[in-house]
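A quick write-up on the structure given underneath.
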Amino acid sequence: MKTVSNKHNLQILYEDNHIIVVNKRVGDIVQGDKTGDKPLSEVVKEYLKDKYEKPGEVFLGVVHRLDRPTTGIVLFARTSKALERMNEMFKNRVTQKTYWAVVKQRPQKDAAVLEHFLKRNEKNNTSKAHLKEVSESKKAILDYKVIKELNNYYALEINLHTGRHHQIRAQLSAIGSPIKGDLKYGSDRSNPDGGIHLHARKLQFLHPVKKEPVTIIAPVPDDVIWKAV
């Protein structure tokens, strides 16, 4: 589906009466937080209000989130019915999410399933991956494969089996392959834009109303390393 640019600086990947999907940029926050920065949800609301000349408040439901330094697919619901159904799908993991990540250290195996127990630290907003269950930890599973070897880096494709806080970042760090730019999880240097090389590349789901399969792919950021992937 072609992407549409507009004065709100949104890259729209999919839009109908029920849902809208955008390609999030580095630094965007999906929902308002203590920083007080304008969230992506508000920008999308303004876009819809302008486009459809809607009086009053525009309904927009946040279905899932991406970390601030991460890029890629974010889906919002435009009706309460779509929100309820999409929430149910994400909760029951009948959606398929595929991420791309760039790491400096090649994983020992070119493809593997990673299982850890993640324990969240609210104070410094991180999650630590443990091989065995510890108190208040949650099981985290993903599979990855190396899809491209770059000059100094490796590109991985990752499928999530569970949806935990900072899951991909913590699990890749735990196997000695932190994501490029991710200082919080062991990368040796930050990226100039403050982002990390983690991109929500593909989302597959059943449309909440039409019940048809939908596949959305988000173009990678305009960056030399991403373009090489």
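Naming scheme: A, B, ... for chains in displayed order of the structure tokens; residues 1 onward per chain; ligands 1 onward as shown.
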### Message
List as a PyMOL selection string the protein and nucleic acid residues near region 52-65 of chain A, meaning an atom at most 9 Å away when only C-alpha atoms are counted, but skip any in the same chain fewer than 6 places from it.
### Response
chain A and resi 19+29-31+41-42+44-46+74-80+82-84+86-87+90
Please produce an output containing N, CA and C atoms for each residue in the selection, written as a CSV table (one decimal), in the first residue's frame.
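Okay, part.csv is ready:
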chain,number,residue,atom,x,y,z
A,19,ILE,N,-9.3,1.2,11.4
A,19,ILE,CA,-7.9,1.2,11.9
A,19,ILE,C,-7.0,2.1,11.1
A,29,ILE,N,6.9,9.2,20.9
A,29,ILE,CA,6.3,8.3,21.9
A,29,ILE,C,4.9,8.0,21.5
A,30,VAL,N,4.5,6.8,21.7
A,30,VAL,CA,3.2,6.3,21.2
A,30,VAL,C,2.1,7.0,22.0
A,31,GLN,N,2.3,7.0,23.3
A,31,GLN,CA,1.2,7.5,24.2
A,31,GLN,C,1.9,8.5,25.2
A,41,SER,N,-0.1,9.4,19.3
A,41,SER,CA,-1.5,9.2,19.2
A,41,SER,C,-2.2,10.6,19.0
A,42,GLU,N,-1.7,11.7,19.6
A,42,GLU,CA,-2.3,13.0,19.4
A,42,GLU,C,-2.1,13.5,18.0
A,44,VAL,N,-1.8,11.7,15.3
A,44,VAL,CA,-2.7,10.9,14.4
A,44,VAL,C,-4.2,11.4,14.6
A,45,LYS,N,-4.6,11.8,15.8
A,45,LYS,CA,-5.9,12.3,16.0
A,45,LYS,C,-6.1,13.6,15.3
A,46,GLU,N,-5.0,14.5,15.3
A,46,GLU,CA,-5.1,15.8,14.6
A,46,GLU,C,-5.2,15.5,13.1
A,74,VAL,N,3.1,1.0,14.0
A,74,VAL,CA,2.2,1.2,15.2
A,74,VAL,C,0.8,1.2,14.6
A,75,LEU,N,-0.1,0.4,15.2
A,75,LEU,CA,-1.5,0.3,14.8
A,75,LEU,C,-2.4,1.0,15.8
A,76,PHE,N,-3.3,1.8,15.4
A,76,PHE,CA,-4.3,2.5,16.2
A,76,PHE,C,-5.7,2.1,15.8
A,77,ALA,N,-6.7,2.0,16.7
A,77,ALA,CA,-8.0,1.7,16.4
A,77,ALA,C,-8.8,3.0,16.2
A,78,ARG,N,-9.7,3.1,15.2
A,78,ARG,CA,-10.5,4.3,15.0
A,78,ARG,C,-11.9,4.2,15.6
A,79,THR,N,-12.3,3.0,16.1
A,79,THR,CA,-13.6,2.8,16.7
A,79,THR,C,-13.4,1.9,17.9
A,80,SER,N,-14.4,2.0,18.9
A,80,SER,CA,-14.2,1.2,20.1
A,80,SER,C,-14.4,-0.3,19.8
A,82,ALA,N,-13.3,-1.8,17.0
A,82,ALA,CA,-12.0,-2.2,16.5
A,82,ALA,C,-11.0,-2.3,17.6
A,83,LEU,N,-11.0,-1.4,18.5
A,83,LEU,CA,-10.1,-1.4,19.6
A,83,LEU,C,-10.3,-2.7,20.5
A,84,GLU,N,-11.5,-3.0,20.8
A,84,GLU,CA,-11.8,-4.2,21.6
A,84,GLU,C,-11.3,-5.4,20.9
A,86,MET,N,-9.0,-5.7,18.4
A,86,MET,CA,-7.6,-5.7,18.2
A,86,MET,C,-6.9,-6.0,19.5
A,87,ASN,N,-7.4,-5.5,20.6
A,87,ASN,CA,-6.8,-5.8,21.9
A,87,ASN,C,-6.9,-7.3,22.2
A,90,PHE,N,-4.2,-9.1,20.1
A,90,PHE,CA,-2.9,-8.9,20.6
A,90,PHE,C,-2.7,-9.7,21.9
Within 7 Å of Lys104 (chain A) using only C-alpha atoms, minus same-chain residues under 4 positions, as a CSV table (one decimal) with N, CA and C atoms, in the first residue's frame:
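After the write, selection36.csv holds the following:
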chain,number,residue,atom,x,y,z
A,152,ASN,N,30.3,-4.2,9.1
A,152,ASN,CA,30.7,-4.4,10.5
A,152,ASN,C,29.5,-4.9,11.4
A,153,TYR,N,28.4,-5.2,10.7
A,153,TYR,CA,27.2,-5.6,11.5
A,153,TYR,C,26.5,-6.8,10.9
A,154,TYR,N,25.5,-7.2,11.7
A,154,TYR,CA,24.6,-8.3,11.2
A,154,TYR,C,23.2,-7.9,11.4
A,177,SER,N,24.7,-10.0,22.0
A,177,SER,CA,24.5,-9.3,20.7
A,177,SER,C,23.5,-8.1,20.9
A,180,LYS,N,22.5,-2.3,17.9
A,180,LYS,CA,23.3,-1.1,17.6
A,180,LYS,C,22.6,0.1,18.2
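With only C-alpha atoms taken into account, the protein and nucleic acid residues at most 12 Å from Glu136 (chain A) (excluding it and anything under 6 positions from it in its own chain) are A:Phe117, A:Leu118, A:Lys119, A:Arg120, A:Asn121, A:Ser127, A:Lys128, A:His130.
Nearest residue to Trp100 (chain A), choosing from A:Gly176, A:Pro221, A:Asp33, A:Tyr47 and counting only C-alpha atoms: A:Pro221.
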### Task
Please identify which residues in region 37-128 of chain A DSSP calls strand (DSSP E or B) from the backbone, and express them as a PyMOL selection string.
chain A and resi 61-62+71-77+96-103+111-121+126-128
### Query
If you run DSSP on the backbone, which residues of region 70-226 of chain A are alpha helix (DSSP H), as a PyMOL selection string?
chain A and resi 80-91+167-174+224-226
### Summary
Atom pair CA of Leu142 (chain A) + CA of Ala200 (chain A), distance 14.0 Å
Can you list, as a compact mmCIF listing (two decimals) with N, CA and C atoms, in the first residue's frame, every protein, DNA or RNA residue that comes within 12 Å of Ser190 (chain A) when you count only C-alpha atoms, leaving out same-chain residues fewer than 4 positions away?
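Saved file result.txt follows:
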# COMPACT_ATOMS: atom_id res chain seq x y z
N PRO A 69 13.01 4.74 21.27
CA PRO A 69 14.11 4.72 20.29
C PRO A 69 13.90 3.77 19.12
N PRO A 178 23.98 -7.11 21.73
CA PRO A 178 23.08 -5.97 21.93
C PRO A 178 22.81 -5.23 20.61
N ILE A 179 21.67 -4.57 20.53
CA ILE A 179 21.27 -3.86 19.31
C ILE A 179 22.12 -2.60 19.15
N LYS A 180 22.48 -2.31 17.92
CA LYS A 180 23.29 -1.12 17.62
C LYS A 180 22.62 0.14 18.19
N GLY A 181 23.40 0.90 18.95
CA GLY A 181 22.89 2.15 19.53
C GLY A 181 22.22 2.01 20.88
N ASP A 182 22.03 0.76 21.34
CA ASP A 182 21.25 0.55 22.57
C ASP A 182 22.16 0.54 23.80
N LEU A 183 22.54 1.74 24.24
CA LEU A 183 23.45 1.88 25.39
C LEU A 183 22.89 1.21 26.64
N LYS A 184 21.57 1.28 26.80
CA LYS A 184 20.91 0.71 27.98
C LYS A 184 21.17 -0.79 28.10
N TYR A 185 21.35 -1.43 26.96
CA TYR A 185 21.52 -2.89 26.97
C TYR A 185 22.88 -3.34 26.43
N GLY A 186 23.88 -2.47 26.58
CA GLY A 186 25.25 -2.94 26.34
C GLY A 186 25.90 -2.56 25.03
N GLY A 194 19.93 9.23 18.54
CA GLY A 194 19.43 8.77 19.83
C GLY A 194 18.56 7.53 19.74
N GLY A 195 18.39 6.99 18.53
CA GLY A 195 17.58 5.79 18.35
C GLY A 195 18.40 4.53 18.48
N ILE A 196 17.75 3.40 18.27
CA ILE A 196 18.45 2.12 18.21
C ILE A 196 18.04 1.42 16.91
N HIS A 197 18.86 0.49 16.46
CA HIS A 197 18.56 -0.19 15.20
C HIS A 197 17.62 -1.39 15.43
### Query
Quick one: residues within 12 Å of Lys210 (chain A), only C-alpha atoms counted, chain neighbours fewer than 5 positions away excluded, as an NGL selection string?
:A and (16-19 or 82 or 85 or 205)
How would the residues just chosen look if you wrote them out with N, CA and C atoms as a JSON list (two decimals), in the first residue's frame?
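And here's part_5.json as it stands now:
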[["chain", "number", "residue", "atom", "x", "y", "z"],
["A", 16, "ASP", "N", -8.30, 2.82, 7.09],
["A", 16, "ASP", "CA", -9.70, 2.67, 6.67],
["A", 16, "ASP", "C", -10.57, 3.21, 7.80],
["A", 17, "ASN", "N", -11.86, 2.90, 7.77],
["A", 17, "ASN", "CA", -12.77, 3.46, 8.79],
["A", 17, "ASN", "C", -12.55, 2.89, 10.18],
["A", 18, "HIS", "N", -11.80, 1.78, 10.27],
["A", 18, "HIS", "CA", -11.71, 1.05, 11.53],
["A", 18, "HIS", "C", -10.34, 1.16, 12.20],
["A", 19, "ILE", "N", -9.28, 1.18, 11.38],
["A", 19, "ILE", "CA", -7.92, 1.21, 11.92],
["A", 19, "ILE", "C", -7.04, 2.14, 11.10],
["A", 82, "ALA", "N", -13.33, -1.79, 17.00],
["A", 82, "ALA", "CA", -12.04, -2.22, 16.46],
["A", 82, "ALA", "C", -11.00, -2.33, 17.57],
["A", 85, "ARG", "N", -11.57, -5.52, 19.63],
["A", 85, "ARG", "CA", -11.18, -6.74, 18.87],
["A", 85, "ARG", "C", -9.67, -6.83, 18.66],
["A", 205, "PHE", "N", -2.34, -9.71, 10.61],
["A", 205, "PHE", "CA", -3.49, -9.90, 11.50],
["A", 205, "PHE", "C", -4.76, -10.02, 10.67]]
### Summary
Students should find that CA of Asn159 (chain A) and CA of Ile141 (chain A) are spaced 9.0 Å
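Across A:Asn9, A:Ser173, A:Asn92, A:Gln108, the tightest approach to Ala129 (chain A) is made by A:Ser173 when counting only C-alpha atoms.
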### Task
In Å, rounded to a single decimal, give me how far CA of Val43 (chain A) is from CA of Lys97 (chain A).
23.7 Å
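Candidate residues A:Arg93, A:His199, A:Lys7, A:Arg25 were compared for distance to Val229 (chain A), and the nearest is A:His199, using only C-alpha atoms.
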### Task
Tell me, as a PyMOL selection string, which residues lie within 9 Å of Ile168 (chain A), counting only C-alpha atoms; anything in the same chain fewer than 4 positions away does not count.
chain A and resi 99+101+142+158+160+164+172-173+179+198
Would you write out those residues with N, CA and C atoms, as a PDB file, in the first residue's frame?
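This went into result37.pdb:
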ATOM      1  N   TYR A  99      10.238  -8.278  13.541  1.00  0.00           N
ATOM      2  CA  TYR A  99      11.134  -7.135  13.724  1.00  0.00           C
ATOM      3  C   TYR A  99      12.450  -7.379  12.986  1.00  0.00           C
ATOM      4  N   ALA A 101      16.539  -6.214  13.409  1.00  0.00           N
ATOM      5  CA  ALA A 101      17.496  -5.592  14.324  1.00  0.00           C
ATOM      6  C   ALA A 101      18.884  -5.669  13.709  1.00  0.00           C
ATOM      7  N   LEU A 142      11.375 -15.740  21.843  1.00  0.00           N
ATOM      8  CA  LEU A 142      11.420 -15.208  20.480  1.00  0.00           C
ATOM      9  C   LEU A 142      12.254 -16.143  19.636  1.00  0.00           C
ATOM     10  N   ILE A 158      13.438 -11.123  13.554  1.00  0.00           N
ATOM     11  CA  ILE A 158      12.972 -11.651  14.852  1.00  0.00           C
ATOM     12  C   ILE A 158      11.461 -11.774  14.866  1.00  0.00           C
ATOM     13  N   LEU A 160       8.357 -12.480  17.544  1.00  0.00           N
ATOM     14  CA  LEU A 160       8.034 -12.551  18.973  1.00  0.00           C
ATOM     15  C   LEU A 160       6.976 -13.613  19.235  1.00  0.00           C
ATOM     16  N   ARG A 164       6.891  -8.981  25.970  1.00  0.00           N
ATOM     17  CA  ARG A 164       7.366  -8.494  27.274  1.00  0.00           C
ATOM     18  C   ARG A 164       8.055  -7.140  27.128  1.00  0.00           C
ATOM     19  N   LEU A 172      18.479 -10.162  23.258  1.00  0.00           N
ATOM     20  CA  LEU A 172      19.670 -10.109  22.388  1.00  0.00           C
ATOM     21  C   LEU A 172      20.902  -9.708  23.198  1.00  0.00           C
ATOM     22  N   SER A 173      20.714  -8.802  24.146  1.00  0.00           N
ATOM     23  CA  SER A 173      21.818  -8.411  25.024  1.00  0.00           C
ATOM     24  C   SER A 173      22.303  -9.612  25.837  1.00  0.00           C
ATOM     25  N   ILE A 179      21.667  -4.574  20.528  1.00  0.00           N
ATOM     26  CA  ILE A 179      21.270  -3.858  19.315  1.00  0.00           C
ATOM     27  C   ILE A 179      22.124  -2.598  19.147  1.00  0.00           C
ATOM     28  N   LEU A 198      16.411  -1.040  15.851  1.00  0.00           N
ATOM     29  CA  LEU A 198      15.340  -2.039  16.010  1.00  0.00           C
ATOM     30  C   LEU A 198      14.109  -1.477  15.316  1.00  0.00           C
TER      31      LEU A 198
END
### Task
Would you please work out which residue, of A:Val209, A:Ala111, A:Val102, A:Val94, is nearest to Lys81 (chain A) when using only C-alpha atoms?
A:Val209
